[in-house]
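**Q** Sharing data.cif, mmCIF, C-alpha atoms:
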```cif
data_coords
#
loop_
_atom_site.label_atom_id
_atom_site.label_comp_id
_atom_site.auth_asym_id
_atom_site.auth_seq_id
_atom_site.Cartn_x
_atom_site.Cartn_y
_atom_site.Cartn_z
CA MET A 690 45.29 -13.34 -34.44
CA LYS A 691 43.42 -13.62 -31.13
CA GLN A 692 45.10 -15.91 -28.66
CA LEU A 693 42.84 -18.65 -27.34
CA GLN A 694 42.38 -18.73 -23.59
CA THR A 695 43.03 -22.09 -21.97
CA PRO A 696 41.06 -23.21 -18.90
CA TRP A 697 44.06 -22.73 -16.60
CA ASP A 698 44.34 -19.11 -17.73
CA GLN A 699 40.87 -18.40 -16.39
CA HIS A 700 40.47 -17.43 -12.73
CA PRO A 701 36.79 -16.97 -11.86
CA GLU A 702 36.35 -15.34 -8.50
CA PRO A 703 34.48 -17.28 -5.79
CA LEU A 704 31.19 -15.75 -4.70
CA THR A 705 31.42 -13.52 -1.65
CA VAL A 706 29.05 -13.94 1.28
CA SER A 707 28.07 -10.27 1.02
CA SER A 708 26.92 -10.70 -2.59
CA ALA A 709 24.01 -12.97 -1.62
CA PRO A 710 20.61 -11.21 -1.90
CA VAL A 711 19.41 -11.31 1.72
CA PRO A 712 15.60 -11.56 2.24
CA GLU A 713 13.68 -8.41 3.21
CA TYR A 714 13.21 -9.32 6.85
CA GLY A 715 11.34 -6.61 8.75
CA SER A 716 9.76 -4.90 5.75
CA GLY A 717 8.82 -7.30 2.97
CA SER A 718 9.24 -10.97 3.89
CA LEU A 719 6.71 -13.72 4.56
CA ALA A 720 7.42 -13.32 8.27
CA ASP A 721 6.03 -9.78 8.08
CA LEU A 722 2.66 -10.68 6.54
CA LEU A 723 0.51 -11.93 9.42
CA PRO A 724 1.87 -9.41 11.96
CA THR A 725 0.90 -6.64 9.53
CA LEU A 726 -2.61 -8.03 9.09
CA ALA A 727 -2.97 -8.65 12.83
CA ALA A 728 -1.83 -5.11 13.63
CA GLY A 729 -4.65 -3.86 11.42
CA LEU A 730 -7.00 -5.96 13.57
CA ASP A 731 -5.66 -4.31 16.75
CA VAL A 732 -4.00 -7.47 18.06
CA PRO A 733 -1.69 -6.41 20.92
CA GLY A 734 2.03 -6.67 20.24
CA MET A 735 1.69 -6.83 16.47
CA THR A 736 3.40 -4.29 14.19
CA ALA A 737 2.51 -3.44 10.59
CA THR A 738 5.93 -3.87 9.00
CA ILE A 739 4.71 -4.22 5.39
CA SER A 740 3.93 -0.55 5.06
CA GLU A 741 2.12 -0.87 1.73
CA LEU A 742 -0.82 -2.88 3.11
CA THR A 743 -4.07 -1.22 4.19
CA PRO A 744 -5.97 -2.73 7.15
CA ALA A 745 -9.14 -4.73 6.62
CA ASP A 746 -11.61 -6.16 9.14
CA ARG A 747 -11.53 -9.63 7.57
CA ASN A 748 -8.31 -11.07 6.19
CA CYS A 749 -7.70 -14.32 4.33
CA VAL A 750 -4.30 -15.67 3.29
CA PHE A 751 -4.41 -18.28 0.52
CA LEU A 752 -0.98 -19.90 0.31
CA ILE A 753 -0.21 -21.85 -2.87
CA ASP A 754 2.79 -24.05 -2.16
CA GLY A 755 5.57 -23.61 -4.72
CA LEU A 756 4.08 -20.75 -6.76
CA GLY A 757 6.95 -18.31 -7.10
CA TRP A 758 6.65 -14.78 -8.48
CA GLU A 759 8.74 -15.56 -11.54
CA GLN A 760 6.80 -18.72 -12.36
CA LEU A 761 3.48 -16.88 -12.16
CA LYS A 762 4.71 -14.07 -14.40
CA ALA A 763 5.99 -16.61 -16.93
CA HIS A 764 2.61 -18.40 -17.24
CA PRO A 765 -0.13 -15.78 -17.54
CA GLU A 766 -2.10 -17.91 -19.97
CA ASP A 767 -2.36 -20.73 -17.39
CA ALA A 768 -3.31 -18.43 -14.50
CA PRO A 769 -5.27 -15.56 -16.06
CA PHE A 770 -7.01 -14.55 -12.85
CA MET A 771 -3.87 -14.38 -10.70
CA ALA A 772 -1.88 -12.82 -13.54
CA SER A 773 -4.50 -10.07 -13.73
CA LEU A 774 -3.74 -9.30 -10.07
CA LEU A 775 0.03 -8.93 -10.44
CA ALA A 776 -0.22 -5.14 -10.26
CA THR A 777 -2.00 -5.46 -6.87
CA SER A 778 0.91 -7.35 -5.30
CA ARG A 779 2.25 -5.91 -2.07
CA GLY A 780 -0.35 -3.25 -1.64
CA GLY A 781 -0.51 -2.13 -5.25
CA THR A 782 3.21 -1.63 -5.72
CA GLY A 783 3.40 -4.59 -8.11
CA ARG A 784 6.34 -5.96 -6.12
CA PRO A 785 6.82 -9.42 -4.58
CA LEU A 786 7.69 -10.48 -1.05
CA THR A 787 10.76 -12.53 -0.18
CA ALA A 788 10.31 -15.96 1.32
CA GLY A 789 13.23 -15.97 3.74
CA TYR A 790 16.23 -18.27 3.85
CA PRO A 791 16.09 -21.08 3.10
CA ALA A 792 13.19 -20.85 0.66
CA THR A 793 11.62 -24.14 1.71
CA THR A 794 8.21 -25.16 3.01
CA ALA A 795 8.86 -25.94 6.68
CA THR A 796 10.86 -22.76 7.15
CA SER A 797 8.41 -20.55 5.26
CA LEU A 798 5.27 -21.91 6.93
CA ALA A 799 6.86 -21.31 10.31
CA SER A 800 7.75 -17.77 9.24
CA VAL A 801 4.19 -17.15 8.05
CA GLY A 802 2.49 -18.53 11.14
CA THR A 803 4.77 -17.15 13.85
CA GLY A 804 5.58 -13.85 12.15
CA LEU A 805 9.23 -14.50 12.96
CA PRO A 806 12.31 -15.07 10.77
CA PRO A 807 14.03 -18.47 10.80
CA GLY A 808 16.71 -17.43 13.28
CA ALA A 809 13.99 -16.85 15.87
CA HIS A 810 11.37 -19.52 15.18
CA GLY A 811 14.10 -22.13 14.81
CA LEU A 812 13.15 -24.07 11.68
CA PRO A 813 16.14 -22.98 9.56
CA GLY A 814 16.06 -25.71 6.92
CA TYR A 815 14.52 -28.82 5.45
CA THR A 816 16.76 -31.03 7.61
CA VAL A 817 18.92 -29.69 10.44
CA ARG A 818 20.91 -31.11 13.30
CA ASN A 819 19.22 -31.42 16.67
CA PRO A 820 21.95 -30.21 19.06
CA ASP A 821 20.42 -32.21 21.92
CA THR A 822 20.65 -35.56 20.14
CA GLY A 823 23.20 -34.99 17.37
CA GLU A 824 20.71 -36.45 14.88
CA LEU A 825 19.58 -34.93 11.61
CA MET A 826 15.93 -33.87 11.93
CA ASN A 827 13.49 -33.49 9.05
CA GLN A 828 11.44 -30.45 10.07
CA LEU A 829 8.75 -30.99 7.44
CA ARG A 830 7.99 -34.54 8.58
CA TRP A 831 9.20 -33.96 12.18
CA GLN A 832 11.41 -37.07 12.18
CA PRO A 833 13.01 -38.00 14.49
CA TRP A 834 10.45 -36.52 16.83
CA ALA A 835 11.37 -33.64 19.14
CA PRO A 836 9.14 -31.84 21.66
CA PRO A 837 7.33 -29.24 19.51
CA GLY A 838 6.95 -26.63 22.24
CA ALA A 839 10.64 -26.69 23.06
CA TRP A 840 11.68 -26.68 19.42
CA GLN A 841 9.49 -23.63 18.61
CA PRO A 842 8.30 -21.93 21.82
CA TYR A 843 6.78 -18.73 20.45
CA PRO A 844 3.01 -18.26 20.07
CA THR A 845 1.65 -18.11 16.55
CA VAL A 846 -0.05 -15.00 15.23
CA PHE A 847 -3.28 -17.02 15.06
CA GLN A 848 -3.03 -17.79 18.77
CA LEU A 849 -2.45 -14.13 19.63
CA ALA A 850 -5.29 -13.05 17.37
CA HIS A 851 -7.66 -15.59 18.93
CA GLN A 852 -6.74 -14.34 22.41
CA ALA A 853 -7.53 -10.80 21.24
CA GLY A 854 -11.04 -11.78 20.17
CA VAL A 855 -10.33 -12.14 16.45
CA HIS A 856 -11.98 -15.08 14.69
CA ALA A 857 -8.96 -17.19 13.62
CA ALA A 858 -9.10 -20.37 11.56
CA GLN A 859 -7.01 -22.55 9.27
CA VAL A 860 -8.66 -24.50 6.43
CA SER A 861 -6.38 -27.18 5.03
CA SER A 862 -6.02 -30.90 4.41
CA PRO A 863 -7.25 -33.04 7.33
CA THR A 864 -3.89 -34.85 7.31
CA PHE A 865 -2.19 -31.71 8.64
CA GLU A 866 -4.45 -31.14 11.64
CA HIS A 867 -2.36 -32.88 14.31
CA THR A 868 1.14 -32.65 12.84
CA PRO A 869 3.90 -31.05 14.94
CA LEU A 870 4.60 -28.56 12.14
CA THR A 871 1.01 -27.34 12.27
CA LYS A 872 1.18 -27.15 16.05
CA VAL A 873 4.29 -24.96 16.13
CA ALA A 874 3.59 -22.89 13.01
CA LEU A 875 -0.11 -22.62 12.15
CA SER A 876 -2.23 -23.43 15.20
CA GLY A 877 -4.58 -21.05 16.97
CA GLY A 878 -8.32 -20.65 16.76
CA THR A 879 -9.99 -23.43 14.79
CA PHE A 880 -8.50 -25.97 12.37
CA LEU A 881 -10.96 -27.17 9.71
CA GLY A 882 -9.93 -30.07 7.52
CA ARG A 883 -11.30 -30.40 3.99
CA LEU A 884 -10.01 -32.65 1.22
CA SER A 885 -10.92 -30.82 -1.97
CA GLY A 886 -9.68 -27.42 -3.00
CA GLU A 887 -13.21 -26.23 -3.71
CA ASP A 888 -14.39 -27.23 -0.25
CA ARG A 889 -11.45 -25.42 1.32
CA VAL A 890 -11.97 -22.10 -0.41
CA ASP A 891 -15.73 -22.24 0.11
CA LEU A 892 -15.23 -22.85 3.81
CA ALA A 893 -12.54 -20.17 4.02
CA ALA A 894 -15.05 -17.66 2.68
CA GLU A 895 -17.62 -18.81 5.25
CA GLN A 896 -15.08 -18.46 8.02
CA LEU A 897 -14.21 -14.94 6.91
CA ALA A 898 -17.85 -13.97 7.35
CA ALA A 899 -18.10 -15.70 10.74
CA GLY A 900 -16.50 -12.82 12.64
CA ASP A 901 -16.53 -9.06 12.57
CA ARG A 902 -12.73 -9.36 12.71
CA SER A 903 -11.30 -12.44 11.04
CA LEU A 904 -7.89 -13.94 10.24
CA ILE A 905 -8.22 -17.01 8.01
CA TYR A 906 -5.58 -19.18 6.33
CA THR A 907 -6.04 -21.77 3.60
CA TYR A 908 -3.54 -23.83 1.63
CA PHE A 909 -3.04 -25.70 -1.65
CA ALA A 910 -0.05 -28.05 -2.05
CA GLU A 911 -0.30 -29.60 -5.51
CA VAL A 912 1.54 -26.96 -7.53
CA ASP A 913 4.66 -27.72 -5.50
CA GLY A 914 4.26 -31.48 -5.85
CA ALA A 915 3.88 -31.28 -9.62
CA GLY A 916 6.96 -29.07 -9.88
CA HIS A 917 9.11 -31.45 -7.88
CA ARG A 918 8.05 -34.48 -9.90
CA TYR A 919 7.75 -33.10 -13.41
CA GLY A 920 9.24 -29.61 -13.50
CA VAL A 921 7.83 -26.09 -13.48
CA ASP A 922 7.05 -26.00 -17.19
CA SER A 923 5.52 -29.47 -17.50
CA ASP A 924 1.96 -30.12 -18.57
CA THR A 925 1.21 -31.54 -15.12
CA TRP A 926 2.54 -28.42 -13.39
CA ARG A 927 0.58 -26.16 -15.73
CA GLY A 928 -2.56 -28.15 -15.00
CA GLN A 929 -2.15 -27.67 -11.27
CA LEU A 930 -1.48 -23.97 -11.79
CA MET A 931 -4.72 -23.69 -13.78
CA TYR A 932 -6.59 -25.40 -10.95
CA ALA A 933 -5.03 -23.14 -8.32
CA ASP A 934 -6.02 -20.12 -10.42
CA ARG A 935 -9.64 -21.26 -10.50
CA LEU A 936 -9.58 -21.76 -6.72
CA ALA A 937 -8.21 -18.26 -6.16
CA GLN A 938 -10.94 -16.78 -8.35
CA ARG A 939 -13.62 -18.89 -6.65
CA LEU A 940 -12.50 -17.61 -3.25
CA ALA A 941 -12.28 -14.01 -4.44
CA GLU A 942 -15.84 -14.13 -5.78
CA GLN A 943 -17.17 -15.21 -2.37
CA LEU A 944 -15.52 -12.58 -0.17
CA PRO A 945 -17.90 -11.12 2.41
CA PRO A 946 -17.95 -7.34 2.93
CA ARG A 947 -14.91 -5.60 4.43
CA SER A 948 -12.56 -8.41 3.40
CA ALA A 949 -9.07 -8.62 1.95
CA LEU A 950 -7.77 -11.76 0.25
CA TYR A 951 -4.01 -12.23 -0.10
CA VAL A 952 -2.72 -14.93 -2.44
CA THR A 953 0.89 -15.82 -1.73
CA ALA A 954 3.35 -18.73 -1.70
CA ASP A 955 6.10 -20.22 0.43
CA HIS A 956 8.80 -20.30 -2.27
CA GLY A 957 9.40 -20.52 -6.00
CA MET A 958 11.19 -23.28 -7.88
CA ILE A 959 13.65 -24.00 -10.69
CA ASP A 960 14.27 -27.08 -12.82
CA VAL A 961 17.77 -28.54 -12.67
CA PRO A 962 19.03 -30.70 -15.57
CA PHE A 963 20.00 -34.31 -14.96
CA ASP A 964 23.70 -34.31 -15.74
CA GLU A 965 26.93 -34.29 -13.77
CA ARG A 966 27.58 -30.62 -14.46
CA HIS A 967 24.32 -29.51 -12.89
CA ARG A 968 23.97 -32.24 -10.23
CA ILE A 969 27.01 -32.68 -8.01
CA ASP A 970 26.78 -35.89 -5.98
CA PHE A 971 28.06 -35.50 -2.43
CA ASP A 972 27.96 -39.26 -1.92
CA GLU A 973 30.48 -39.74 -4.72
CA ASP A 974 32.75 -36.77 -4.00
CA TRP A 975 35.55 -37.56 -1.55
CA GLU A 976 36.67 -33.94 -1.36
CA LEU A 977 33.31 -32.56 -0.28
CA SER A 978 32.61 -35.40 2.14
CA ALA A 979 35.98 -35.19 3.92
CA GLY A 980 35.48 -34.01 7.49
CA VAL A 981 31.67 -33.93 7.22
CA ALA A 982 29.71 -35.66 9.96
CA LEU A 983 26.20 -34.78 8.74
CA LEU A 984 24.82 -33.32 5.52
CA GLY A 985 21.62 -31.38 6.11
CA GLY A 986 19.34 -28.98 4.27
CA GLU A 987 18.54 -29.78 0.65
CA GLY A 988 20.22 -29.67 -2.73
CA ARG A 989 20.20 -25.88 -3.15
CA ALA A 990 20.49 -24.91 0.51
CA ARG A 991 22.88 -27.12 2.43
CA HIS A 992 23.70 -27.24 6.13
CA VAL A 993 27.06 -28.96 6.57
CA TYR A 994 28.01 -30.27 10.02
CA ALA A 995 31.72 -30.98 10.41
CA VAL A 996 33.39 -33.52 12.64
CA PRO A 997 34.93 -31.80 15.70
CA GLY A 998 37.87 -29.64 14.72
CA ALA A 999 37.29 -29.87 10.97
CA ALA A 1000 34.95 -26.91 10.37
CA ASN A 1001 37.60 -24.59 8.93
CA ASP A 1002 38.98 -27.28 6.63
CA VAL A 1003 35.48 -28.14 5.39
CA LEU A 1004 34.75 -24.46 4.75
CA THR A 1005 37.98 -24.05 2.78
CA CYS A 1006 37.33 -27.15 0.69
CA TRP A 1007 33.71 -26.30 -0.06
CA ARG A 1008 34.70 -22.82 -1.16
CA GLU A 1009 37.39 -24.17 -3.43
CA VAL A 1010 35.13 -26.79 -5.00
CA LEU A 1011 31.77 -24.97 -5.08
CA GLY A 1012 32.53 -21.30 -4.52
CA GLU A 1013 31.92 -20.18 -8.11
CA GLN A 1014 28.38 -21.63 -8.13
CA PHE A 1015 27.34 -21.47 -4.48
CA TRP A 1016 27.50 -18.83 -1.81
CA VAL A 1017 29.53 -20.71 0.82
CA ALA A 1018 29.66 -19.27 4.33
CA SER A 1019 30.58 -20.31 7.82
CA ARG A 1020 27.78 -20.35 10.35
CA ASP A 1021 28.91 -17.06 11.88
CA GLU A 1022 29.35 -15.43 8.47
CA ALA A 1023 25.83 -16.41 7.39
CA ILE A 1024 24.40 -15.15 10.68
CA ALA A 1025 26.31 -11.86 10.46
CA ALA A 1026 25.10 -11.38 6.89
CA GLY A 1027 21.49 -11.75 8.05
CA TRP A 1028 20.64 -14.84 6.03
CA PHE A 1029 18.40 -16.21 8.79
CA GLY A 1030 17.14 -12.86 10.06
CA PRO A 1031 18.43 -9.98 12.17
CA HIS A 1032 19.23 -12.17 15.17
CA ILE A 1033 19.62 -15.82 16.12
CA ASP A 1034 18.12 -17.33 19.26
CA GLU A 1035 20.60 -19.26 21.35
CA ARG A 1036 18.62 -22.50 20.99
CA VAL A 1037 18.77 -22.15 17.18
CA TYR A 1038 22.51 -21.51 16.82
CA GLY A 1039 23.57 -25.17 16.88
CA ARG A 1040 20.89 -26.17 14.38
CA ILE A 1041 22.60 -24.12 11.69
CA GLY A 1042 25.42 -25.86 9.83
CA ASP A 1043 29.08 -25.20 10.48
CA VAL A 1044 29.11 -24.43 6.77
CA ILE A 1045 26.18 -23.12 4.69
CA ALA A 1046 26.07 -23.56 0.90
CA ALA A 1047 23.39 -21.70 -1.07
CA ALA A 1048 23.22 -22.23 -4.84
CA ARG A 1049 23.39 -19.24 -7.18
CA ASP A 1050 23.59 -21.14 -10.48
CA ASP A 1051 21.20 -23.80 -11.80
CA VAL A 1052 22.99 -26.52 -9.88
CA LEU A 1053 22.13 -29.02 -7.20
CA LEU A 1054 24.23 -30.73 -4.55
CA ILE A 1055 22.50 -34.08 -4.36
CA ALA A 1056 23.20 -37.08 -2.13
CA SER A 1057 22.15 -40.03 -4.27
CA GLU A 1058 22.59 -42.71 -1.59
CA ARG A 1059 21.30 -41.01 1.54
CA GLU A 1060 18.62 -38.91 -0.21
CA PRO A 1061 17.45 -40.94 -3.23
CA LYS A 1062 13.96 -39.40 -3.41
CA GLU A 1063 15.12 -35.80 -3.09
CA SER A 1064 17.98 -36.42 -5.53
CA SER A 1065 15.53 -37.50 -8.23
CA MET A 1066 13.38 -34.37 -8.17
CA VAL A 1067 13.14 -32.23 -11.33
CA GLY A 1068 12.07 -28.99 -9.67
CA ASN A 1069 14.03 -27.72 -6.67
CA HIS A 1070 14.20 -24.73 -4.35
CA GLY A 1071 15.83 -23.44 -1.19
CA SER A 1072 18.32 -20.74 -2.12
CA MET A 1073 18.24 -16.95 -2.49
CA THR A 1074 17.88 -16.59 -6.25
CA PRO A 1075 14.84 -14.63 -7.48
CA ALA A 1076 13.22 -17.77 -8.94
CA GLU A 1077 13.17 -19.38 -5.50
CA GLN A 1078 13.00 -16.42 -3.16
CA LEU A 1079 10.36 -14.10 -4.63
CA VAL A 1080 6.68 -14.82 -3.94
CA PRO A 1081 3.54 -12.88 -4.89
CA LEU A 1082 1.21 -11.08 -2.51
CA LEU A 1083 -1.84 -10.67 -4.75
CA GLU A 1084 -4.73 -8.71 -3.26
CA VAL A 1085 -8.50 -8.71 -3.74
CA ARG A 1086 -10.85 -6.56 -1.61
CA SER A 1087 -14.58 -6.45 -1.14
#
```
Show how you would write the structure in this file as structure tokens.

**A**
Amino acid sequence: MKQLQTPWDQHPEPLTVSSAPVPEYGSGSLADLLPTLAAGLDVPGMTATISELTPADRNCVFLIDGLGWEQLKAHPEDAPFMASLLATSRGGTGRPLTAGYPATTATSLASVGTGLPPGAHGLPGYTVRNPDTGELMNQLRWQPWAPPGAWQPYPTVFQLAHQAGVHAAQVSSPTFEHTPLTKVALSGGTFLGRLSGEDRVDLAAEQLAAGDRSLIYTYFAEVDGAGHRYGVDSDTWRGQLMYADRLAQRLAEQLPPRSALYVTADHGMIDVPFDERHRIDFDEDWELSAGVALLGGEGRARHVYAVPGAANDVLTCWREVLGEQFWVASRDEAIAAGWFGPHIDERVYGRIGDVIAAARDDVLLIASEREPKESSMVGNHGSMTPAEQLVPLLEVRS
């Protein structure tokens, strides 16, 4: 007779820092895309690090917020045009890019626009501590405000391209034109605000044709919003995916000669069930909150800032409590493992948590009192799992 195993007989091993799948910085991440395209346009200082891409005179990047590689592959009937391009991804290899860590919008857009990994551009999370003030800063909304040029001092690829005589433009929602995030991540050349998706892609095609050498960016946010509110398999999400697919096809059909269109995303997304097993509430857990001064990041990619002298104790506790479901690392361990890129700028070091917790399983570390809106979201992202980390790089040429 087989002896039953009791829970206290089981000893699951905590996840090791080295087992986390580090993004492909320097060869296949979002930070490598624009430098590769700009190198093909002979922009000084740019290097083509995505070796699979072939230069084109006119380049357009269409970024669909929240459309991960795995979600696109799982819904070919809702996105027939983009699904038909899956084999073209990453220069015809049929492989995705990696977003970078954390897989979240502010971080990824900064990586796209600057061509730098998070450890250099300095937007390493949804919310991070400002070392100068000690406050938690939301880098998507830029609250509390910090001087943009000091927070992210590097020029964008669009700025460098414009200086080199390339026609550079961004076509997006008018509400983004003057935001600090746009200034530090996506400025350079001309910003053109349009409300509807159709107007944006039509104008993006016009802008491509406006120069002999062009670098154009356009953006669609609603797939991400539907996923957060309703989940990545909801009717609402599918409807937005269908719309994004029509926009991608509309843009592809208007490409002027000598053009390359790249359809990509800033991150993927997973749905997390609403129960105590899948949603751990920091605000109701005395063990996890002990010694913590600030809780940053988001539910699947946490930055934890300890009170002075408590960092080691917080790390030990978080590993004991969460280590079978999260990769839990100290700041220096995460940096050494390359989570934020091959190097960390000095100004960025203190923005990274004393402890980093990145979810592997379908779990979420919510904070129901301090983050009620974020804690109520169905779809979530941020970590290094394939569902969150992998993004397409679909290609159409004329």

**Q** May I have a table of the residues of segment 794-836 of chain A lying at most 9 Å from segment 1039-1050 of chain A, giving each one's closest pair of atoms and their distance in Å to one decimal, counting all atoms listed in the file, ordered by chain and ascending residue number, as JSON lines?

**A**
```
{"residue": "A:Gly811", "atom": "CA", "partner": "A:Arg1040", "partner_atom": "CA", "distance": 7.9}
{"residue": "A:Leu812", "atom": "CA", "partner": "A:Arg1040", "partner_atom": "CA", "distance": 8.5}
{"residue": "A:Pro813", "atom": "CA", "partner": "A:Ile1041", "partner_atom": "CA", "distance": 6.9}
{"residue": "A:Gly814", "atom": "CA", "partner": "A:Ile1041", "partner_atom": "CA", "distance": 8.2}
{"residue": "A:Val817", "atom": "CA", "partner": "A:Arg1040", "partner_atom": "CA", "distance": 5.6}
{"residue": "A:Arg818", "atom": "CA", "partner": "A:Arg1040", "partner_atom": "CA", "distance": 5.1}
{"residue": "A:Asn819", "atom": "CA", "partner": "A:Arg1040", "partner_atom": "CA", "distance": 6.0}
{"residue": "A:Pro820", "atom": "CA", "partner": "A:Gly1039", "partner_atom": "CA", "distance": 5.7}
```

**Q** Run through the PyMOL selection byres ((chain A and resi 933-935) around 12) on the given coordinates and return the selected residues as JSON, numbers by chain.

**A** {"A": [751, 752, 753, 754, 755, 756, 761, 764, 765, 766, 767, 768, 769, 770, 771, 772, 773, 774, 885, 886, 887, 889, 890, 908, 909, 910, 911, 912, 913, 926, 927, 928, 929, 930, 931, 932, 936, 937, 938, 939, 940, 941, 942, 952, 953, 954, 1083]}

**Q** Pull C-alpha atoms from the residues just selected and write them as an mmCIF file, keeping the file's coordinate frame.

**A**
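This went into part07.cif:
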```
data_model
loop_
_atom_site.group_PDB
_atom_site.id
_atom_site.type_symbol
_atom_site.label_atom_id
_atom_site.label_comp_id
_atom_site.auth_asym_id
_atom_site.auth_seq_id
_atom_site.Cartn_x
_atom_site.Cartn_y
_atom_site.Cartn_z
ATOM 1 C CA PHE A 751 -4.410 -18.280 0.520
ATOM 2 C CA LEU A 752 -0.980 -19.900 0.310
ATOM 3 C CA ILE A 753 -0.210 -21.850 -2.870
ATOM 4 C CA ASP A 754 2.790 -24.050 -2.160
ATOM 5 C CA GLY A 755 5.570 -23.610 -4.720
ATOM 6 C CA LEU A 756 4.080 -20.750 -6.760
ATOM 7 C CA LEU A 761 3.480 -16.880 -12.160
ATOM 8 C CA HIS A 764 2.610 -18.400 -17.240
ATOM 9 C CA PRO A 765 -0.130 -15.780 -17.540
ATOM 10 C CA GLU A 766 -2.100 -17.910 -19.970
ATOM 11 C CA ASP A 767 -2.360 -20.730 -17.390
ATOM 12 C CA ALA A 768 -3.310 -18.430 -14.500
ATOM 13 C CA PRO A 769 -5.270 -15.560 -16.060
ATOM 14 C CA PHE A 770 -7.010 -14.550 -12.850
ATOM 15 C CA MET A 771 -3.870 -14.380 -10.700
ATOM 16 C CA ALA A 772 -1.880 -12.820 -13.540
ATOM 17 C CA SER A 773 -4.500 -10.070 -13.730
ATOM 18 C CA LEU A 774 -3.740 -9.300 -10.070
ATOM 19 C CA SER A 885 -10.920 -30.820 -1.970
ATOM 20 C CA GLY A 886 -9.680 -27.420 -3.000
ATOM 21 C CA GLU A 887 -13.210 -26.230 -3.710
ATOM 22 C CA ARG A 889 -11.450 -25.420 1.320
ATOM 23 C CA VAL A 890 -11.970 -22.100 -0.410
ATOM 24 C CA TYR A 908 -3.540 -23.830 1.630
ATOM 25 C CA PHE A 909 -3.040 -25.700 -1.650
ATOM 26 C CA ALA A 910 -0.050 -28.050 -2.050
ATOM 27 C CA GLU A 911 -0.300 -29.600 -5.510
ATOM 28 C CA VAL A 912 1.540 -26.960 -7.530
ATOM 29 C CA ASP A 913 4.660 -27.720 -5.500
ATOM 30 C CA TRP A 926 2.540 -28.420 -13.390
ATOM 31 C CA ARG A 927 0.580 -26.160 -15.730
ATOM 32 C CA GLY A 928 -2.560 -28.150 -15.000
ATOM 33 C CA GLN A 929 -2.150 -27.670 -11.270
ATOM 34 C CA LEU A 930 -1.480 -23.970 -11.790
ATOM 35 C CA MET A 931 -4.720 -23.690 -13.780
ATOM 36 C CA TYR A 932 -6.590 -25.400 -10.950
ATOM 37 C CA LEU A 936 -9.580 -21.760 -6.720
ATOM 38 C CA ALA A 937 -8.210 -18.260 -6.160
ATOM 39 C CA GLN A 938 -10.940 -16.780 -8.350
ATOM 40 C CA ARG A 939 -13.620 -18.890 -6.650
ATOM 41 C CA LEU A 940 -12.500 -17.610 -3.250
ATOM 42 C CA ALA A 941 -12.280 -14.010 -4.440
ATOM 43 C CA GLU A 942 -15.840 -14.130 -5.780
ATOM 44 C CA VAL A 952 -2.720 -14.930 -2.440
ATOM 45 C CA THR A 953 0.890 -15.820 -1.730
ATOM 46 C CA ALA A 954 3.350 -18.730 -1.700
ATOM 47 C CA LEU A 1083 -1.840 -10.670 -4.750
#
```

**Q** Quick one: of A:Val1037, A:Leu1082, A:Ala795, A:Leu1053, who's nearest to Leu1011 of chain A, counting all atoms listed in the file?

**A**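 Closest to Leu1011 of chain A of all the choices is A:Leu1053.
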
**Q** Arg1008 of chain A: which residues within 9 Å, counting all atoms listed in the file, same-chain residues fewer than 4 positions away excluded, as an MDAnalysis selection string?

**A** chainID A and resid 703:704 1003:1004 1012:1013 1015:1018 1046

**Q** Under the rule that only C-alpha atoms are counted, which of A:Val1010, A:Ala915, A:Ile739, A:Ala1023 is the nearest residue to Leu1054 of chain A?

**A**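 Nearest candidate to Leu1054 of chain A out of A:Val1010, A:Ala915, A:Ile739, A:Ala1023: A:Val1010.
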
**Q** Could you expand the PyMOL selection byres ((chain A and resi 880) around 10) into the explicit residues it covers here, written as a list in words?

**A** Ala857, Ala858, Gln859, Val860, Ser861, Ser862, Pro863, Phe865, Glu866, His867, Thr871, Leu875, Ser876, Gly877, Gly878, Thr879, Leu881, Gly882, Arg883, Ile905 and Tyr906 of chain A

**Q** Given the choices A:Leu984, A:Val732, A:Leu719, A:Leu897, which gets closest to Leu805 of chain A if the distance is worked out from only C-alpha atoms?

**A**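 Using only C-alpha atoms, the shortest distance to Leu805 of chain A belongs to A:Leu719.
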
**Q** Taking the file above as input, evaluate the PyMOL selection byres ((chain A and resi 715) around 10) and report the hits as a PyMOL selection string.

**A** chain A and resi 712-714+716-722+736-739+804-806+1030-1031

**Q** If you keep C-alpha atoms, can you produce a file of those selected residues as a CSV table (one decimal), in the frame of the given file?

**A**
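The resulting selection.csv:
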```
chain,number,residue,atom,x,y,z
A,712,PRO,CA,15.6,-11.6,2.2
A,713,GLU,CA,13.7,-8.4,3.2
A,714,TYR,CA,13.2,-9.3,6.8
A,716,SER,CA,9.8,-4.9,5.8
A,717,GLY,CA,8.8,-7.3,3.0
A,718,SER,CA,9.2,-11.0,3.9
A,719,LEU,CA,6.7,-13.7,4.6
A,720,ALA,CA,7.4,-13.3,8.3
A,721,ASP,CA,6.0,-9.8,8.1
A,722,LEU,CA,2.7,-10.7,6.5
A,736,THR,CA,3.4,-4.3,14.2
A,737,ALA,CA,2.5,-3.4,10.6
A,738,THR,CA,5.9,-3.9,9.0
A,739,ILE,CA,4.7,-4.2,5.4
A,804,GLY,CA,5.6,-13.8,12.2
A,805,LEU,CA,9.2,-14.5,13.0
A,806,PRO,CA,12.3,-15.1,10.8
A,1030,GLY,CA,17.1,-12.9,10.1
A,1031,PRO,CA,18.4,-10.0,12.2
```

**Q** From the options A:His856, A:Ser740, A:Thr864, A:Val873, which residue's atoms come nearest to Ala799 of chain A, counting only C-alpha atoms?

**A**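 Of A:His856, A:Ser740, A:Thr864, A:Val873, the one nearest Ala799 of chain A, counting only C-alpha atoms, is A:Val873.
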